[in-house]
Amino acid sequence: MARIPLIAGNWKMNLDHQQAIALVQKLSWTLRDAAHDYKSCEVVVFPPFTDIRSVQTLMDADKLELGLGAQDLSKFDSGAYTGEVSGAFLKKLEVKYVLIGHSERRQYHNEGDETVQAKTAAAFRHGIVPVICVGETLEELENEGQSAVPVRQTLAALAGHDKIGDFVIAYEPVWAIGTGKVATPEEAAAVCGKIREAISAEHGPEIADATRILYGGSVKANNVAGFLRSSEVDGVLVGGASLDAEEFSGIARFQKHIAL
Ligand SMILES: O=C[C@H](O)COP(=O)(O)O
């Protein structure tokens, strides 16, 4: 089955709402200049919570075909949970995707498999597509190889749901995030393939075939084509390079039908 490639830009804790508006405006021009075909390759930005309303208003007003994502959501739906942001609020702002279990949240906020599973359930409840981030640290790579941890984290996130909705997996080796070190396209494809096999064994081939699996970790315009060439890799999750409109458009330009 044809899976539409997804180019996702995680801004992390960068850009206030005014800078966010400027970046999205610039991005709409650079994507237009690159004659981007939104139907054959989805482009989604993941701004900080405080920027989402401004970005959504701009997208609505200018009829931009960019998708909107959030970087996290609460496992709770509403109530006395100070500092939390409900999936219901995000849905109302037309947020389509949410990152869950990014390695920076696993590392700095002690989010383990249980939290990731609960947040995935919250995303399903609110009709937001979870982008479940998985990946091994350098130590785990040395001790367990490259695919054991991402496969285990994927299955843990998907376990025990009443109903599994659409979801995306983002394979990001922790040792490749923001470091300039990149997994080779062959390594990325092999791990994405193992993740798909595991999803198929646990949840059936139909779900596995429909699931987009992305690679992330130091992706740039000059290395993205190698990843997208593999039929196992359905897009990329980009950090640093998504803060630069030209660079990010350059990444989106390597959509699969052009790269092949
Ligand atoms: O969410 C994005 C990833 O953490 C990758 O970040 P990076 O492209 O800056 O390495």
# chains A, B, ... in the order shown; residues from 1 in each chain; ligands from 1
>>> residues_near_ligand(ligand="ligand 1", cutoff="10 Å", atoms="only C-alpha atoms and all ligand atoms", output="PDB file with C-alpha atoms, in the first residue's frame")
ATOM      1  CA  ALA A   8       7.932  16.536  10.258  1.00  0.00           C
ATOM      2  CA  GLY A   9       9.687  19.551  11.765  1.00  0.00           C
ATOM      3  CA  ASN A  10      10.094  19.491  15.540  1.00  0.00           C
ATOM      4  CA  TRP A  11      11.013  22.998  16.639  1.00  0.00           C
ATOM      5  CA  LYS A  12      11.643  21.811  20.219  1.00  0.00           C
ATOM      6  CA  PHE A  46       5.534  20.961  15.639  1.00  0.00           C
ATOM      7  CA  GLN A  71       5.300  18.295  20.925  1.00  0.00           C
ATOM      8  CA  LEU A  99       4.910  13.729  19.352  1.00  0.00           C
ATOM      9  CA  HIS A 102      10.560  11.922  22.294  1.00  0.00           C
ATOM     10  CA  SER A 103      13.913  10.897  23.727  1.00  0.00           C
ATOM     11  CA  GLU A 104      14.310  14.355  25.293  1.00  0.00           C
ATOM     12  CA  CYS A 133       9.320   8.298  19.106  1.00  0.00           C
ATOM     13  CA  ALA A 170       9.645   7.865  14.474  1.00  0.00           C
ATOM     14  CA  TYR A 171      12.880   5.934  14.821  1.00  0.00           C
ATOM     15  CA  GLU A 172      15.479   8.255  16.273  1.00  0.00           C
ATOM     16  CA  PRO A 173      18.725   6.771  17.543  1.00  0.00           C
ATOM     17  CA  VAL A 174      19.420   8.940  20.590  1.00  0.00           C
ATOM     18  CA  TRP A 175      23.111   9.090  19.725  1.00  0.00           C
ATOM     19  CA  ALA A 176      22.220  10.772  16.403  1.00  0.00           C
ATOM     20  CA  ILE A 177      20.023  13.571  17.760  1.00  0.00           C
ATOM     21  CA  GLY A 178      21.567  17.012  17.429  1.00  0.00           C
ATOM     22  CA  THR A 179      25.038  15.464  17.322  1.00  0.00           C
ATOM     23  CA  GLY A 180      25.747  15.531  13.606  1.00  0.00           C
ATOM     24  CA  LYS A 181      26.169  11.726  13.795  1.00  0.00           C
ATOM     25  CA  VAL A 182      23.741  10.022  11.452  1.00  0.00           C
ATOM     26  CA  TYR A 215      13.816   8.284  10.573  1.00  0.00           C
ATOM     27  CA  GLY A 216      15.123  11.165  12.701  1.00  0.00           C
ATOM     28  CA  GLY A 217      18.537  12.313  13.877  1.00  0.00           C
ATOM     29  CA  SER A 218      20.675  15.009  12.208  1.00  0.00           C
ATOM     30  CA  VAL A 219      18.654  14.949   8.979  1.00  0.00           C
ATOM     31  CA  LYS A 220      19.584  17.731   6.556  1.00  0.00           C
ATOM     32  CA  VAL A 236      11.790  12.084   8.452  1.00  0.00           C
ATOM     33  CA  LEU A 237      11.504  13.809  11.820  1.00  0.00           C
ATOM     34  CA  VAL A 238      13.746  16.859  11.666  1.00  0.00           C
ATOM     35  CA  GLY A 239      14.943  18.936  14.621  1.00  0.00           C
ATOM     36  CA  GLY A 240      17.551  21.647  14.104  1.00  0.00           C
ATOM     37  CA  ALA A 241      17.182  21.863  10.323  1.00  0.00           C
ATOM     38  CA  SER A 242      13.429  22.550  10.618  1.00  0.00           C
ATOM     39  CA  LEU A 243      14.176  25.998  12.082  1.00  0.00           C
TER      40      LEU A 243
END
>>> residues_around(residues="segment 48-63 of chain A", least_positions_apart="2", cutoff="10 Å", atoms="only C-alpha atoms", output="PyMOL selection string")
chain A and resi 10-25+28+45-46+65-73+85+90+92-95
>>> closest_residue(among="A:Lys75, A:Arg253, A:Arg106, A:Arg152", to="Phe124 of chain A", atoms="only C-alpha atoms")
A:Lys75
>>> select_by_dssp(residues="segment 136-239 of chain A", states="strand (DSSP E or B)", output="PDB file with C-alpha atoms, in the first residue's frame")
ATOM      1  CA  VAL A 168       3.263   7.032  13.151  1.00  0.00           C
ATOM      2  CA  ILE A 169       6.539   5.683  14.514  1.00  0.00           C
ATOM      3  CA  ALA A 170       9.645   7.865  14.474  1.00  0.00           C
ATOM      4  CA  TYR A 171      12.880   5.934  14.821  1.00  0.00           C
ATOM      5  CA  ARG A 212       4.390   5.338   8.436  1.00  0.00           C
ATOM      6  CA  ILE A 213       7.800   4.857  10.017  1.00  0.00           C
ATOM      7  CA  LEU A 214      10.106   7.862   9.975  1.00  0.00           C
ATOM      8  CA  TYR A 215      13.816   8.284  10.573  1.00  0.00           C
ATOM      9  CA  GLY A 216      15.123  11.165  12.701  1.00  0.00           C
ATOM     10  CA  GLY A 235       9.613  10.262   5.961  1.00  0.00           C
ATOM     11  CA  VAL A 236      11.790  12.084   8.452  1.00  0.00           C
ATOM     12  CA  LEU A 237      11.504  13.809  11.820  1.00  0.00           C
ATOM     13  CA  VAL A 238      13.746  16.859  11.666  1.00  0.00           C
TER      14      VAL A 238
END
>>> closest_residue(among="A:Ala159, A:Glu186, A:Glu144, A:Pro130", to="Gln117 of chain A", atoms="only C-alpha atoms")
A:Ala159
>>> atom_distance(atom1="atom CA of His126 of chain A", atom2="atom CA of Lys39 of chain A")
24.5 Å
>>> closest_residue(among="A:Thr120, A:Ser200, A:Val129, A:Gly112", to="Lys91 of chain A", atoms="only C-alpha atoms")
A:Val129
>>> select_by_dssp(residues="segment 42-247 of chain A", states="helix (DSSP H, G or I)", output="JSON list (two decimals) with N, CA and C atoms, in the first residue's frame")
[["chain", "number", "residue", "atom", "x", "y", "z"],
["A", 49, "PHE", "N", 3.89, 24.80, 22.53],
["A", 49, "PHE", "CA", 2.46, 25.04, 22.82],
["A", 49, "PHE", "C", 2.07, 26.51, 22.63],
["A", 50, "THR", "N", 2.93, 27.42, 23.12],
["A", 50, "THR", "CA", 2.56, 28.84, 23.13],
["A", 50, "THR", "C", 2.47, 29.43, 21.72],
["A", 51, "ASP", "N", 2.98, 28.73, 20.73],
["A", 51, "ASP", "CA", 2.94, 29.23, 19.35],
["A", 51, "ASP", "C", 1.76, 28.66, 18.55],
["A", 52, "ILE", "N", 1.14, 27.61, 19.08],
["A", 52, "ILE", "CA", 0.21, 26.84, 18.24],
["A", 52, "ILE", "C", -0.96, 27.70, 17.75],
["A", 53, "ARG", "N", -1.54, 28.51, 18.66],
["A", 53, "ARG", "CA", -2.69, 29.33, 18.27],
["A", 53, "ARG", "C", -2.30, 30.30, 17.14],
["A", 54, "SER", "N", -1.15, 30.94, 17.26],
["A", 54, "SER", "CA", -0.73, 31.90, 16.24],
["A", 54, "SER", "C", -0.50, 31.20, 14.91],
["A", 55, "VAL", "N", 0.16, 30.06, 14.97],
["A", 55, "VAL", "CA", 0.46, 29.32, 13.73],
["A", 55, "VAL", "C", -0.84, 28.84, 13.07],
["A", 56, "GLN", "N", -1.77, 28.37, 13.91],
["A", 56, "GLN", "CA", -3.03, 27.86, 13.37],
["A", 56, "GLN", "C", -3.83, 28.99, 12.71],
["A", 57, "THR", "N", -3.84, 30.17, 13.35],
["A", 57, "THR", "CA", -4.58, 31.31, 12.79],
["A", 57, "THR", "C", -4.00, 31.70, 11.43],
["A", 58, "LEU", "N", -2.67, 31.71, 11.36],
["A", 58, "LEU", "CA", -2.00, 32.06, 10.10],
["A", 58, "LEU", "C", -2.31, 31.02, 9.01],
["A", 59, "MET", "N", -2.25, 29.75, 9.41],
["A", 59, "MET", "CA", -2.52, 28.69, 8.42],
["A", 59, "MET", "C", -3.94, 28.79, 7.89],
["A", 60, "ASP", "N", -4.88, 29.09, 8.80],
["A", 60, "ASP", "CA", -6.29, 29.23, 8.41],
["A", 60, "ASP", "C", -6.47, 30.42, 7.47],
["A", 61, "ALA", "N", -5.91, 31.55, 7.88],
["A", 61, "ALA", "CA", -6.11, 32.79, 7.12],
["A", 61, "ALA", "C", -5.50, 32.67, 5.73],
["A", 87, "GLY", "N", -5.32, 16.86, 25.23],
["A", 87, "GLY", "CA", -5.51, 16.55, 23.82],
["A", 87, "GLY", "C", -6.76, 17.23, 23.28],
["A", 88, "ALA", "N", -7.78, 17.43, 24.13],
["A", 88, "ALA", "CA", -9.02, 18.08, 23.68],
["A", 88, "ALA", "C", -8.72, 19.52, 23.25],
["A", 89, "PHE", "N", -7.85, 20.19, 24.01],
["A", 89, "PHE", "CA", -7.52, 21.59, 23.66],
["A", 89, "PHE", "C", -6.76, 21.63, 22.33],
["A", 90, "LEU", "N", -5.87, 20.67, 22.16],
["A", 90, "LEU", "CA", -5.06, 20.63, 20.94],
["A", 90, "LEU", "C", -5.94, 20.34, 19.72],
["A", 91, "LYS", "N", -6.86, 19.43, 19.91],
["A", 91, "LYS", "CA", -7.77, 19.06, 18.81],
["A", 91, "LYS", "C", -8.55, 20.29, 18.35],
["A", 92, "LYS", "N", -8.98, 21.11, 19.32],
["A", 92, "LYS", "CA", -9.75, 22.32, 19.00],
["A", 92, "LYS", "C", -8.92, 23.32, 18.19],
["A", 103, "SER", "N", 12.84, 11.31, 22.81],
["A", 103, "SER", "CA", 13.91, 10.90, 23.73],
["A", 103, "SER", "C", 14.26, 12.00, 24.72],
["A", 104, "GLU", "N", 14.02, 13.28, 24.33],
["A", 104, "GLU", "CA", 14.31, 14.35, 25.29],
["A", 104, "GLU", "C", 13.31, 14.33, 26.44],
["A", 105, "ARG", "N", 12.08, 13.89, 26.19],
["A", 105, "ARG", "CA", 11.11, 13.75, 27.27],
["A", 105, "ARG", "C", 11.42, 12.49, 28.08],
["A", 106, "ARG", "N", 11.85, 11.44, 27.41],
["A", 106, "ARG", "CA", 12.22, 10.23, 28.16],
["A", 106, "ARG", "C", 13.40, 10.56, 29.08],
["A", 107, "GLN", "N", 14.35, 11.35, 28.56],
["A", 107, "GLN", "CA", 15.58, 11.63, 29.31],
["A", 107, "GLN", "C", 15.38, 12.69, 30.40],
["A", 108, "TYR", "N", 14.75, 13.83, 30.05],
["A", 108, "TYR", "CA", 14.69, 14.94, 31.02],
["A", 108, "TYR", "C", 13.43, 14.94, 31.87],
["A", 113, "ASP", "N", 7.94, 3.76, 29.38],
["A", 113, "ASP", "CA", 6.98, 3.11, 28.49],
["A", 113, "ASP", "C", 5.53, 3.28, 28.94],
["A", 114, "GLU", "N", 5.33, 3.30, 30.29],
["A", 114, "GLU", "CA", 3.95, 3.39, 30.81],
["A", 114, "GLU", "C", 3.34, 4.76, 30.45],
["A", 115, "THR", "N", 4.13, 5.80, 30.65],
["A", 115, "THR", "CA", 3.64, 7.15, 30.33],
["A", 115, "THR", "C", 3.41, 7.28, 28.83],
["A", 116, "VAL", "N", 4.33, 6.74, 28.06],
["A", 116, "VAL", "CA", 4.20, 6.83, 26.59],
["A", 116, "VAL", "C", 2.93, 6.10, 26.15],
["A", 117, "GLN", "N", 2.66, 4.96, 26.76],
["A", 117, "GLN", "CA", 1.45, 4.20, 26.42],
["A", 117, "GLN", "C", 0.20, 5.01, 26.79],
["A", 118, "ALA", "N", 0.22, 5.64, 27.97],
["A", 118, "ALA", "CA", -0.96, 6.41, 28.43],
["A", 118, "ALA", "C", -1.18, 7.64, 27.55],
["A", 119, "LYS", "N", -0.10, 8.28, 27.15],
["A", 119, "LYS", "CA", -0.24, 9.46, 26.28],
["A", 119, "LYS", "C", -0.71, 9.05, 24.88],
["A", 120, "THR", "N", -0.26, 7.89, 24.43],
["A", 120, "THR", "CA", -0.73, 7.37, 23.14],
["A", 120, "THR", "C", -2.24, 7.13, 23.22],
["A", 121, "ALA", "N", -2.69, 6.59, 24.34],
["A", 121, "ALA", "CA", -4.13, 6.35, 24.53],
["A", 121, "ALA", "C", -4.88, 7.69, 24.50],
["A", 122, "ALA", "N", -4.29, 8.71, 25.14],
["A", 122, "ALA", "CA", -4.95, 10.03, 25.15],
["A", 122, "ALA", "C", -5.06, 10.58, 23.73],
["A", 123, "ALA", "N", -4.01, 10.41, 22.94],
["A", 123, "ALA", "CA", -4.05, 10.90, 21.55],
["A", 123, "ALA", "C", -5.16, 10.17, 20.78],
["A", 124, "PHE", "N", -5.24, 8.86, 20.93],
["A", 124, "PHE", "CA", -6.30, 8.09, 20.25],
["A", 124, "PHE", "C", -7.68, 8.60, 20.68],
["A", 125, "ARG", "N", -7.84, 8.84, 22.00],
["A", 125, "ARG", "CA", -9.15, 9.30, 22.51],
["A", 125, "ARG", "C", -9.59, 10.60, 21.85],
["A", 138, "LEU", "N", 23.42, 5.29, 23.04],
["A", 138, "LEU", "CA", 24.69, 4.69, 22.62],
["A", 138, "LEU", "C", 24.99, 3.43, 23.44],
["A", 139, "GLU", "N", 24.71, 3.51, 24.74],
["A", 139, "GLU", "CA", 24.97, 2.36, 25.61],
["A", 139, "GLU", "C", 24.09, 1.17, 25.21],
["A", 140, "GLU", "N", 22.81, 1.47, 24.92],
["A", 140, "GLU", "CA", 21.90, 0.39, 24.49],
["A", 140, "GLU", "C", 22.33, -0.19, 23.14],
["A", 141, "LEU", "N", 22.82, 0.69, 22.28],
["A", 141, "LEU", "CA", 23.30, 0.22, 20.97],
["A", 141, "LEU", "C", 24.44, -0.78, 21.18],
["A", 142, "GLU", "N", 25.36, -0.41, 22.08],
["A", 142, "GLU", "CA", 26.51, -1.30, 22.31],
["A", 142, "GLU", "C", 26.11, -2.61, 22.98],
["A", 143, "ASN", "N", 25.12, -2.54, 23.90],
["A", 143, "ASN", "CA", 24.75, -3.74, 24.65],
["A", 143, "ASN", "C", 23.73, -4.62, 23.95],
["A", 144, "GLU", "N", 22.79, -3.98, 23.22],
["A", 144, "GLU", "CA", 21.66, -4.77, 22.69],
["A", 144, "GLU", "C", 21.54, -4.73, 21.18],
["A", 148, "ALA", "N", 16.68, -3.70, 19.04],
["A", 148, "ALA", "CA", 15.96, -4.27, 20.18],
["A", 148, "ALA", "C", 15.16, -3.21, 20.94],
["A", 149, "VAL", "N", 15.79, -2.09, 21.26],
["A", 149, "VAL", "CA", 15.11, -1.07, 22.07],
["A", 149, "VAL", "C", 13.97, -0.40, 21.28],
["A", 150, "PRO", "N", 14.22, 0.05, 20.03],
["A", 150, "PRO", "CA", 13.11, 0.65, 19.29],
["A", 150, "PRO", "C", 11.92, -0.29, 19.11],
["A", 151, "VAL", "N", 12.18, -1.57, 18.89],
["A", 151, "VAL", "CA", 11.07, -2.52, 18.73],
["A", 151, "VAL", "C", 10.32, -2.66, 20.05],
["A", 152, "ARG", "N", 11.08, -2.80, 21.14],
["A", 152, "ARG", "CA", 10.44, -2.95, 22.46],
["A", 152, "ARG", "C", 9.60, -1.71, 22.80],
["A", 153, "GLN", "N", 10.15, -0.53, 22.56],
["A", 153, "GLN", "CA", 9.42, 0.71, 22.89],
["A", 153, "GLN", "C", 8.16, 0.85, 22.02],
["A", 154, "THR", "N", 8.25, 0.44, 20.76],
["A", 154, "THR", "CA", 7.08, 0.51, 19.87],
["A", 154, "THR", "C", 5.95, -0.37, 20.40],
["A", 155, "LEU", "N", 6.30, -1.61, 20.71],
["A", 155, "LEU", "CA", 5.26, -2.55, 21.16],
["A", 155, "LEU", "C", 4.67, -2.11, 22.49],
["A", 156, "ALA", "N", 5.51, -1.55, 23.36],
["A", 156, "ALA", "CA", 5.01, -1.08, 24.67],
["A", 156, "ALA", "C", 4.02, 0.07, 24.48],
["A", 157, "ALA", "N", 4.32, 0.97, 23.56],
["A", 157, "ALA", "CA", 3.43, 2.12, 23.34],
["A", 157, "ALA", "C", 2.08, 1.68, 22.80],
["A", 158, "LEU", "N", 2.09, 0.58, 22.03],
["A", 158, "LEU", "CA", 0.86, 0.14, 21.35],
["A", 158, "LEU", "C", 0.08, -0.91, 22.15],
["A", 174, "VAL", "N", 19.14, 7.80, 19.70],
["A", 174, "VAL", "CA", 19.42, 8.94, 20.59],
["A", 174, "VAL", "C", 20.81, 9.51, 20.32],
["A", 175, "TRP", "N", 21.74, 8.66, 19.97],
["A", 175, "TRP", "CA", 23.11, 9.09, 19.72],
["A", 175, "TRP", "C", 23.24, 9.93, 18.45],
["A", 176, "ALA", "N", 22.16, 10.00, 17.66],
["A", 176, "ALA", "CA", 22.22, 10.77, 16.40],
["A", 176, "ALA", "C", 21.46, 12.09, 16.49],
["A", 185, "PRO", "N", 21.73, 5.19, 5.87],
["A", 185, "PRO", "CA", 20.41, 4.84, 5.33],
["A", 185, "PRO", "C", 20.12, 3.36, 5.47],
["A", 186, "GLU", "N", 21.16, 2.52, 5.32],
["A", 186, "GLU", "CA", 20.95, 1.06, 5.43],
["A", 186, "GLU", "C", 20.55, 0.69, 6.86],
["A", 187, "GLU", "N", 21.24, 1.29, 7.83],
["A", 187, "GLU", "CA", 20.89, 1.01, 9.24],
["A", 187, "GLU", "C", 19.47, 1.47, 9.55],
["A", 188, "ALA", "N", 19.15, 2.68, 9.11],
["A", 188, "ALA", "CA", 17.81, 3.23, 9.38],
["A", 188, "ALA", "C", 16.75, 2.32, 8.75],
["A", 189, "ALA", "N", 16.99, 1.91, 7.51],
["A", 189, "ALA", "CA", 16.01, 1.06, 6.82],
["A", 189, "ALA", "C", 15.86, -0.29, 7.53],
["A", 190, "ALA", "N", 16.99, -0.83, 8.01],
["A", 190, "ALA", "CA", 16.92, -2.14, 8.67],
["A", 190, "ALA", "C", 16.11, -2.04, 9.97],
["A", 191, "VAL", "N", 16.34, -0.99, 10.74],
["A", 191, "VAL", "CA", 15.60, -0.86, 12.01],
["A", 191, "VAL", "C", 14.12, -0.59, 11.72],
["A", 192, "CYS", "N", 13.83, 0.28, 10.76],
["A", 192, "CYS", "CA", 12.43, 0.56, 10.42],
["A", 192, "CYS", "C", 11.74, -0.73, 9.97],
["A", 193, "GLY", "N", 12.47, -1.56, 9.21],
["A", 193, "GLY", "CA", 11.92, -2.84, 8.77],
["A", 193, "GLY", "C", 11.61, -3.76, 9.94],
["A", 194, "LYS", "N", 12.50, -3.79, 10.93],
["A", 194, "LYS", "CA", 12.27, -4.64, 12.11],
["A", 194, "LYS", "C", 11.06, -4.14, 12.90],
["A", 195, "ILE", "N", 10.93, -2.82, 12.99],
["A", 195, "ILE", "CA", 9.78, -2.26, 13.71],
["A", 195, "ILE", "C", 8.48, -2.67, 12.99],
["A", 196, "ARG", "N", 8.50, -2.58, 11.65],
["A", 196, "ARG", "CA", 7.29, -2.95, 10.90],
["A", 196, "ARG", "C", 6.96, -4.43, 11.08],
["A", 197, "GLU", "N", 8.00, -5.26, 11.06],
["A", 197, "GLU", "CA", 7.77, -6.70, 11.26],
["A", 197, "GLU", "C", 7.14, -6.97, 12.62],
["A", 198, "ALA", "N", 7.64, -6.26, 13.63],
["A", 198, "ALA", "CA", 7.11, -6.47, 14.99],
["A", 198, "ALA", "C", 5.66, -6.00, 15.08],
["A", 199, "ILE", "N", 5.34, -4.88, 14.44],
["A", 199, "ILE", "CA", 3.95, -4.39, 14.45],
["A", 199, "ILE", "C", 3.06, -5.42, 13.75],
["A", 200, "SER", "N", 3.56, -5.96, 12.65],
["A", 200, "SER", "CA", 2.79, -6.94, 11.90],
["A", 200, "SER", "C", 2.52, -8.19, 12.74],
["A", 201, "ALA", "N", 3.56, -8.66, 13.43],
["A", 201, "ALA", "CA", 3.40, -9.88, 14.23],
["A", 201, "ALA", "C", 2.41, -9.66, 15.37],
["A", 202, "GLU", "N", 2.42, -8.46, 15.93],
["A", 202, "GLU", "CA", 1.59, -8.19, 17.12],
["A", 202, "GLU", "C", 0.19, -7.69, 16.75],
["A", 203, "HIS", "N", 0.11, -6.88, 15.72],
["A", 203, "HIS", "CA", -1.17, -6.21, 15.42],
["A", 203, "HIS", "C", -1.71, -6.51, 14.02],
["A", 205, "PRO", "N", -0.76, -7.57, 9.64],
["A", 205, "PRO", "CA", -0.10, -6.95, 8.49],
["A", 205, "PRO", "C", -0.80, -5.70, 7.96],
["A", 206, "GLU", "N", -2.12, -5.62, 8.13],
["A", 206, "GLU", "CA", -2.81, -4.43, 7.59],
["A", 206, "GLU", "C", -2.36, -3.18, 8.31],
["A", 207, "ILE", "N", -2.31, -3.27, 9.62],
["A", 207, "ILE", "CA", -1.88, -2.10, 10.42],
["A", 207, "ILE", "C", -0.42, -1.80, 10.09],
["A", 208, "ALA", "N", 0.41, -2.85, 10.02],
["A", 208, "ALA", "CA", 1.83, -2.64, 9.74],
["A", 208, "ALA", "C", 2.04, -1.97, 8.38],
["A", 209, "ASP", "N", 1.27, -2.39, 7.39],
["A", 209, "ASP", "CA", 1.41, -1.82, 6.04],
["A", 209, "ASP", "C", 0.99, -0.36, 5.99],
["A", 210, "ALA", "N", 0.01, -0.01, 6.81],
["A", 210, "ALA", "CA", -0.53, 1.35, 6.75],
["A", 210, "ALA", "C", 0.30, 2.34, 7.58],
["A", 224, "VAL", "N", 19.08, 13.69, 3.25],
["A", 224, "VAL", "CA", 17.75, 13.10, 3.38],
["A", 224, "VAL", "C", 17.42, 12.08, 2.28],
["A", 225, "ALA", "N", 17.94, 12.32, 1.08],
["A", 225, "ALA", "CA", 17.56, 11.47, -0.05],
["A", 225, "ALA", "C", 17.88, 10.00, 0.22],
["A", 226, "GLY", "N", 19.03, 9.77, 0.85],
["A", 226, "GLY", "CA", 19.44, 8.39, 1.16],
["A", 226, "GLY", "C", 18.40, 7.66, 2.00],
["A", 227, "PHE", "N", 17.83, 8.38, 2.99],
["A", 227, "PHE", "CA", 16.84, 7.74, 3.87],
["A", 227, "PHE", "C", 15.54, 7.46, 3.12],
["A", 228, "LEU", "N", 15.11, 8.46, 2.34],
["A", 228, "LEU", "CA", 13.80, 8.34, 1.68],
["A", 228, "LEU", "C", 13.81, 7.34, 0.54],
["A", 240, "GLY", "N", 16.85, 20.39, 14.39],
["A", 240, "GLY", "CA", 17.55, 21.65, 14.10],
["A", 240, "GLY", "C", 17.29, 22.22, 12.71],
["A", 241, "ALA", "N", 17.32, 21.37, 11.70],
["A", 241, "ALA", "CA", 17.18, 21.86, 10.32],
["A", 241, "ALA", "C", 15.77, 22.35, 10.01],
["A", 242, "SER", "N", 14.79, 22.08, 10.90],
["A", 242, "SER", "CA", 13.43, 22.55, 10.62],
["A", 242, "SER", "C", 13.26, 24.01, 11.03],
["A", 243, "LEU", "N", 14.27, 24.59, 11.66],
["A", 243, "LEU", "CA", 14.18, 26.00, 12.08],
["A", 243, "LEU", "C", 14.60, 26.94, 10.97],
["A", 245, "ALA", "N", 13.82, 27.82, 7.10],
["A", 245, "ALA", "CA", 12.79, 27.54, 6.09],
["A", 245, "ALA", "C", 13.40, 26.95, 4.82],
["A", 246, "GLU", "N", 14.53, 27.49, 4.39],
["A", 246, "GLU", "CA", 15.10, 26.99, 3.14],
["A", 246, "GLU", "C", 15.62, 25.56, 3.28],
["A", 247, "GLU", "N", 16.27, 25.32, 4.40],
["A", 247, "GLU", "CA", 16.80, 23.97, 4.64],
["A", 247, "GLU", "C", 15.64, 22.96, 4.75]]
>>> closest_residue(among="A:Asp77, A:Asp244, A:Gly165, A:Phe254", to="Thr30 of chain A", atoms="only C-alpha atoms")
A:Asp244
>>> atom_distance(atom1="atom CA of Val43 of chain A", atom2="atom CA of Leu6 of chain A")
6.0 Å
